[in-house]
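Trainee: Shown below is the structure under consideration.
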Amino acid sequence: MWIMMMFKNQKGIALLSLLFISGLLLTGCTKAKERFIISSDENGIICSAKSTFNDTIFYENRFQDSTIYYYAPLSKQENEELKKLIISLKLEKSIPKFELRPDSGTFIVVSDAVRFYEANYSIPSRNIKKILGMFRDVSFKMKPCKKVDDFWDVEGVTPPDNPVP
């Protein structure tokens, strides 16, 4: 009954229309899930790490004949520090595409768009040094895990093949 009364006045119709339209806008505007992957070819092993800034870093090591996955839990403080470092990375100059180069790693950062950043290990920026130091420290907590099916779930990015001898 109150709906019928509401439709009798113009304000009720306008309010109902506004609520309907704002509901459509809110459901159509979902924020992209922020995440990153760093990948490098280290002595014939393709090593990659991934995080969605929850509480875990996942690792993928690709050998000639196999791929092994690991995870390492992050404390709340480590997770916040990692997020700050990746946000700082987004201030550096991006590169046009994902590619593995000798003596470097490539970051794939996904937030509002997919961007790529080179981590030159020969002359790393201060930010890259901090990120690599954090990965080194966290790697002591790595534990084997089952295959991470969505490890390379970045649109437009093809995961590297296992290395060849």
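All residue names refer to the structure tokens as shown: chains lettered A, B, ... in order, residues numbered from 1 in each chain, ligands numbered from 1 in order.
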According to DSSP computed on the backbone, where in region 11-159 of chain A is there strand (DSSP E or B)? Give the residues as JSON, numbers by chain.

Mentor: {"A": [35, 36, 37, 38, 39, 40, 41, 42, 45, 46, 47, 48, 49, 50, 51, 56, 57, 58, 59, 60, 61, 62, 67, 68, 69, 70, 71, 72, 73, 95, 104, 105, 106, 107, 108, 109, 110, 114, 115, 116, 117, 118, 119, 120, 143, 144, 145]}

Trainee: Would you list the contacts of Asp103 (chain A) as a list of chain:residue names, taking every protein, DNA or RNA residue within 10 Å and counting only C-alpha atoms, but skipping same-chain residues closer than 4 positions in sequence?

Mentor: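 These residues fall inside the cut-off: A:Ser40, A:Asp41, A:Glu42, A:Asn43, A:Ala119, A:Asn120, A:Tyr121, A:Ser122, A:Ile123.
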
Trainee: Tell me which protein, DNA and RNA residues are within 7 Å of region 138-147 of chain A, counting only C-alpha atoms, leaving out same-chain ones fewer than 3 positions away, and put them as a PDB file with N, CA and C atoms, in the first residue's frame.

Mentor:
ATOM      1  N   TYR A  69      55.416 -25.594  -6.601  1.00  0.00           N
ATOM      2  CA  TYR A  69      54.793 -24.431  -5.963  1.00  0.00           C
ATOM      3  C   TYR A  69      55.080 -24.422  -4.469  1.00  0.00           C
ATOM      4  N   TYR A  70      55.208 -23.224  -3.941  1.00  0.00           N
ATOM      5  CA  TYR A  70      55.428 -23.007  -2.516  1.00  0.00           C
ATOM      6  C   TYR A  70      54.549 -21.850  -2.069  1.00  0.00           C
ATOM      7  N   TYR A  71      54.425 -21.718  -0.768  1.00  0.00           N
ATOM      8  CA  TYR A  71      53.788 -20.529  -0.201  1.00  0.00           C
ATOM      9  C   TYR A  71      54.558 -20.124   1.040  1.00  0.00           C
ATOM     10  N   ALA A  72      54.431 -18.859   1.379  1.00  0.00           N
ATOM     11  CA  ALA A  72      55.028 -18.351   2.612  1.00  0.00           C
ATOM     12  C   ALA A  72      54.025 -17.390   3.245  1.00  0.00           C
ATOM     13  N   MET A 134      63.013  -8.394   1.069  1.00  0.00           N
ATOM     14  CA  MET A 134      61.826  -8.946   1.726  1.00  0.00           C
ATOM     15  C   MET A 134      61.558 -10.368   1.221  1.00  0.00           C
ATOM     16  N   PHE A 135      61.661 -10.587  -0.104  1.00  0.00           N
ATOM     17  CA  PHE A 135      61.476 -11.935  -0.640  1.00  0.00           C
ATOM     18  C   PHE A 135      62.509 -12.901  -0.065  1.00  0.00           C
TER      19      PHE A 135
END

Trainee: So which residues touch Glu80 (chain A) within 12 Å, counting only C-alpha atoms, skipping near sequence neighbours fewer than 3 positions away, as number ranges by chain?

Mentor: A: 51-56, 74-77, 83-87, 134

Trainee: Could you list, as a ChimeraX atom specification, every residue within 7 Å of region 149-163 of chain A, counting only C-alpha atoms and ignoring same-chain residues fewer than 2 positions away?

Mentor: /A:44-46,62-64,147,165

Trainee: Would you list, as a PyMOL selection string, the residues of chain A that end up in alpha helix (DSSP H) under DSSP run on this structure's backbone?

Mentor: chain A and resi 2-8+10-28+76-89+126-139

Trainee: Could you pull the residues within 8 Å of Val109 (chain A), counting only C-alpha atoms, minus those fewer than 5 positions along the same chain, as an mmCIF file with all heavy atoms, in the first residue's frame?

Mentor:
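Contents of result.cif, freshly written:
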data_model
loop_
_atom_site.group_PDB
_atom_site.id
_atom_site.type_symbol
_atom_site.label_atom_id
_atom_site.label_comp_id
_atom_site.auth_asym_id
_atom_site.auth_seq_id
_atom_site.Cartn_x
_atom_site.Cartn_y
_atom_site.Cartn_z
ATOM 1 N N GLU A 34 43.868 -6.012 -6.747
ATOM 2 C CA GLU A 34 45.275 -5.646 -6.864
ATOM 3 C C GLU A 34 46.138 -6.859 -6.583
ATOM 4 O O GLU A 34 45.911 -7.599 -5.643
ATOM 5 C CB GLU A 34 45.615 -4.516 -5.891
ATOM 6 C CG GLU A 34 44.964 -3.220 -6.281
ATOM 7 C CD GLU A 34 45.600 -2.033 -5.591
ATOM 8 O OE1 GLU A 34 46.812 -2.061 -5.330
ATOM 9 O OE2 GLU A 34 44.864 -1.084 -5.326
ATOM 10 N N ARG A 35 47.144 -7.044 -7.440
ATOM 11 C CA ARG A 35 48.064 -8.159 -7.283
ATOM 12 C C ARG A 35 49.314 -7.879 -8.099
ATOM 13 O O ARG A 35 49.362 -6.982 -8.911
ATOM 14 C CB ARG A 35 47.419 -9.461 -7.705
ATOM 15 C CG ARG A 35 46.948 -9.484 -9.155
ATOM 16 C CD ARG A 35 45.988 -10.635 -9.363
ATOM 17 N NE ARG A 35 45.585 -10.813 -10.729
ATOM 18 C CZ ARG A 35 44.630 -10.140 -11.334
ATOM 19 N NH1 ARG A 35 43.976 -9.204 -10.698
ATOM 20 N NH2 ARG A 35 44.314 -10.378 -12.589
ATOM 21 N N PHE A 36 50.329 -8.694 -7.879
ATOM 22 C CA PHE A 36 51.538 -8.585 -8.680
ATOM 23 C C PHE A 36 52.191 -9.945 -8.798
ATOM 24 O O PHE A 36 51.942 -10.853 -7.999
ATOM 25 C CB PHE A 36 52.534 -7.575 -8.078
ATOM 26 C CG PHE A 36 53.297 -8.137 -6.920
ATOM 27 C CD1 PHE A 36 54.505 -8.779 -7.115
ATOM 28 C CD2 PHE A 36 52.793 -8.056 -5.639
ATOM 29 C CE1 PHE A 36 55.193 -9.333 -6.043
ATOM 30 C CE2 PHE A 36 53.471 -8.597 -4.571
ATOM 31 C CZ PHE A 36 54.676 -9.245 -4.773
ATOM 32 N N ILE A 37 53.009 -10.064 -9.825
ATOM 33 C CA ILE A 37 53.852 -11.239 -10.030
ATOM 34 C C ILE A 37 55.230 -10.708 -10.401
ATOM 35 O O ILE A 37 55.337 -9.764 -11.183
ATOM 36 C CB ILE A 37 53.338 -12.130 -11.178
ATOM 37 C CG1 ILE A 37 51.942 -12.662 -10.886
ATOM 38 C CG2 ILE A 37 54.309 -13.282 -11.452
ATOM 39 C CD1 ILE A 37 51.303 -13.414 -12.050
ATOM 40 N N ILE A 86 55.201 -2.107 -3.486
ATOM 41 C CA ILE A 86 54.630 -2.268 -4.831
ATOM 42 C C ILE A 86 53.977 -0.968 -5.285
ATOM 43 O O ILE A 86 54.089 -0.591 -6.453
ATOM 44 C CB ILE A 86 53.641 -3.452 -4.882
ATOM 45 C CG1 ILE A 86 54.369 -4.766 -4.572
ATOM 46 C CG2 ILE A 86 52.936 -3.522 -6.228
ATOM 47 C CD1 ILE A 86 55.494 -5.129 -5.522
ATOM 48 N N LYS A 90 55.055 1.347 -8.688
ATOM 49 C CA LYS A 90 54.187 1.888 -9.732
ATOM 50 C C LYS A 90 54.552 3.327 -10.102
ATOM 51 O O LYS A 90 54.083 3.832 -11.113
ATOM 52 C CB LYS A 90 52.720 1.794 -9.299
ATOM 53 C CG LYS A 90 52.251 0.358 -9.240
ATOM 54 C CD LYS A 90 50.832 0.083 -8.814
ATOM 55 C CE LYS A 90 49.901 1.107 -8.433
ATOM 56 N NZ LYS A 90 48.578 0.646 -8.014
ATOM 57 N N VAL A 114 47.099 -3.289 -16.268
ATOM 58 C CA VAL A 114 48.242 -4.196 -16.173
ATOM 59 C C VAL A 114 49.475 -3.426 -16.647
ATOM 60 O O VAL A 114 49.488 -2.880 -17.739
ATOM 61 C CB VAL A 114 48.034 -5.449 -17.055
ATOM 62 C CG1 VAL A 114 49.250 -6.362 -16.994
ATOM 63 C CG2 VAL A 114 46.788 -6.202 -16.626
ATOM 64 N N ARG A 115 50.495 -3.379 -15.795
ATOM 65 C CA ARG A 115 51.734 -2.683 -16.140
ATOM 66 C C ARG A 115 52.921 -3.593 -15.841
ATOM 67 O O ARG A 115 52.845 -4.471 -14.987
ATOM 68 C CB ARG A 115 51.858 -1.392 -15.338
ATOM 69 C CG ARG A 115 50.812 -0.368 -15.741
ATOM 70 C CD ARG A 115 51.106 0.983 -15.113
ATOM 71 N NE ARG A 115 50.149 1.973 -15.548
ATOM 72 C CZ ARG A 115 48.980 2.197 -14.961
ATOM 73 N NH1 ARG A 115 48.629 1.505 -13.915
ATOM 74 N NH2 ARG A 115 48.161 3.111 -15.426
ATOM 75 N N PHE A 116 54.020 -3.333 -16.542
ATOM 76 C CA PHE A 116 55.221 -4.153 -16.413
ATOM 77 C C PHE A 116 56.386 -3.258 -16.000
ATOM 78 O O PHE A 116 56.536 -2.144 -16.505
ATOM 79 C CB PHE A 116 55.544 -4.832 -17.750
ATOM 80 C CG PHE A 116 54.364 -5.544 -18.335
ATOM 81 C CD1 PHE A 116 53.622 -4.972 -19.360
ATOM 82 C CD2 PHE A 116 53.976 -6.781 -17.849
ATOM 83 C CE1 PHE A 116 52.523 -5.619 -19.889
ATOM 84 C CE2 PHE A 116 52.887 -7.438 -18.377
ATOM 85 C CZ PHE A 116 52.149 -6.864 -19.402
ATOM 86 N N TYR A 117 57.225 -3.766 -15.102
ATOM 87 C CA TYR A 117 58.379 -3.016 -14.599
ATOM 88 C C TYR A 117 59.578 -3.950 -14.570
ATOM 89 O O TYR A 117 59.468 -5.093 -14.123
ATOM 90 C CB TYR A 117 58.122 -2.484 -13.189
ATOM 91 C CG TYR A 117 56.913 -1.584 -13.122
ATOM 92 C CD1 TYR A 117 55.654 -2.107 -12.856
ATOM 93 C CD2 TYR A 117 57.023 -0.222 -13.350
ATOM 94 C CE1 TYR A 117 54.538 -1.296 -12.812
ATOM 95 C CE2 TYR A 117 55.913 0.595 -13.306
ATOM 96 C CZ TYR A 117 54.667 0.054 -13.044
ATOM 97 O OH TYR A 117 53.559 0.860 -13.012
#

Trainee: Between CA of Pro102 (chain A) and CA of Glu81 (chain A), measure the distance and give it in Å to one decimal.

Mentor: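 Between these atoms lies a distance of 27.4 Å.
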
Trainee: At what distance in Å, to one decimal, does CA of Ser48 (chain A) lie from CA of Glu60 (chain A)?

Mentor: 5.1 Å

Trainee: Which is closest to Glu99 (chain A) among A:Ile38, A:Lys50, A:Lys129, A:Ser66, if we use only C-alpha atoms?

Mentor: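 For Glu99 (chain A), the nearest of the candidates is A:Ile38.
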
Trainee: Rounded to one decimal in Å, what is the spacing between CA of Asn61 (chain A) and CA of Ile128 (chain A)?

Mentor: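 Spanning CA of Asn61 (chain A) to CA of Ile128 (chain A) is a straight-line distance of 20.3 Å.
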